[in-house]
Amino acid sequence: MPAKAPKAARHLEVERKFDVVESTVSPSFEGIAAVARVEKSPTQSLDAVYFDTATQDLSRNRITLRRRTGGTDAGWHLKLPAGPDARTEIHAPITAAGDDVPAELLDVVLAIVRDRPVEPVARITTERQSQVLYSIDGAALAEFSNDRVTAWRAHGPAGEEGADEGPAEQQWREWELELVATNGSADYELLNRLSNRLLDAGAAPAGHGSKLAHVMGTKAPATRAPAADPVHRAVAQQVEELLVWDRAVRADVFDAVHQMRVISRKIRSLLKDSQDSFGLADGAWVIDELRELAAVLGVARDAEVLGERYQRELDRLAPELVRGPVRERLVDGAQRRYQAGLRRSLIAMRSKRYFRLLDALDSLVAEEPVTVAGQDRAPLTIDAAYRRVRKAARAAAAENDADDALHRIRKRAKSLRYTAAATGANEVSQQAKAIQTLLGDHQDSVVSREHLIHQVEAAHAAGEDTFTYGLLYQQEADLAEQCHAQLDAALRKLDKSVRRARH
């Protein structure tokens, strides 16, 4: 494998763009209390090559990728949506590889581009005249840029007349207003006041989200019309969320593995309960693949949960009750298992198998619900999912293995929760979530106790004090008993919410 490049730097970019004509005069910022002085910066000549797939997958997801020379921040820039007026910008240095996109940037958007080639789609040069606005204490507040832009598209959009003829030159002028630092609502109030000065000077809010969108002739990315069928709509929303959490996992954001696992299980549950609507047969591979994905993510998730659990419980104990290298075994050991699980997850998320799963999910949400000629498809309801919860609850009373039985109730409640949320039965969804959470704590206790038994055996063999492991085990057993004791009341609340939802 090639040597790793220096780690890419991230920061939040908050800016607004404005369209202006050639005769528009630069604005004045005098009279704004927060601005003590304005200083002009040297003119910069910027030259950027933008990259995307042939089907503009990055642009459709409001993402830009470029290699820019000139100016103070030359290098590779990947910009990801982060809310209104905001984007997360990731920088990487230019290397001898030239047009080869840095692996660390490409990996961030791998769930979007998958194994499709990423190639130059446009070149944009900018002559930038900037002014930096400072506060009375000398801190930089914002930067106003007057840009004169020249751009070339690599080729016309597919299907357009002249698409294969040479690139056509485009020229325009635009303004950018960017906050230097963001610390809360006060900064956005300043951004609004500064923006008003630009509008007063004759500017108009830009009709494009980026220079690339301008040169490619596209407006804001088209938003897919929401599906009329609530389950299709819910699955489409969850697939979008899956791509967001995919990026978070790749960045090793706290709790991201857990959230991505939750999303994958939500999608699987909804597809499984509505297979006919999505044209899926029993045992459909996409459902199996979602289960496998959740299982792979579960290795890191379980280790993360255990590590946090042990850290919290050990911190609550009096120091004299924490005997021997228990933190090293429980907390540090969980962190090592988490890192191993994360590496395993990332290997899976860089595979063609994962890309084909994402392709299949895209196809499912793009298609209309399947109907059988001459038959009306019955709408998805909570009834079947609720019956499975009741069946599992009745079975639990007759089984000797209470832990396994309670875990089945939890899984059925989780499925009911997702179905209820998709069909608008919000109270049922909330009560099902309460049971899922209650029995989730119980299941985490089961996993923790099993792990503690293995760890106490290892500690005993090493001649270490095992007193603290016994304390933790008893705490976990007490918690499990408390959760079990609260289940009947939670099931009764769920039953009442289902009855109300039917009327």
# chains A, B, ... in the order shown; residues from 1 in each chain; ligands from 1
$ closest_atom_pairs --of "region 8-110 of chain A" --to "region 135-141 of chain A" --cutoff "7 Å" --atoms "only C-alpha atoms" --output "CSV"
residue,atom,partner,partner_atom,distance
A:Ala34,CA,A:Ser135,CA,5.8
A:Val35,CA,A:Ser135,CA,5.0
A:Ala36,CA,A:Ile136,CA,4.9
A:Arg37,CA,A:Ser135,CA,7.0
$ select_by_dssp --residues "region 247-380 of chain A" --states "alpha helix (DSSP H)" --output "ChimeraX atom specification"
/A:247-250,256-273,285-316,326-327,333-349,352-366
$ atom_distance --atom1 "CA of Gln237 (chain A)" --atom2 "CA of Pro205 (chain A)"
28.9 Å
$ residues_around --residues "region 395-401 of chain A" --least-positions-apart "4" --cutoff "12 Å" --atoms "only C-alpha atoms" --output "VMD selection string"
chain A and resid 388 to 391 405 to 410 446 484 487 to 488
$ closest_residue --among "A:Val21, A:Arg329, A:Asp441, A:Ala402" --to "Glu464 (chain A)" --atoms "only C-alpha atoms"
A:Arg329
$ atom_distance --atom1 "CA of Thr64 (chain A)" --atom2 "CA of Leu78 (chain A)"
5.8 Å
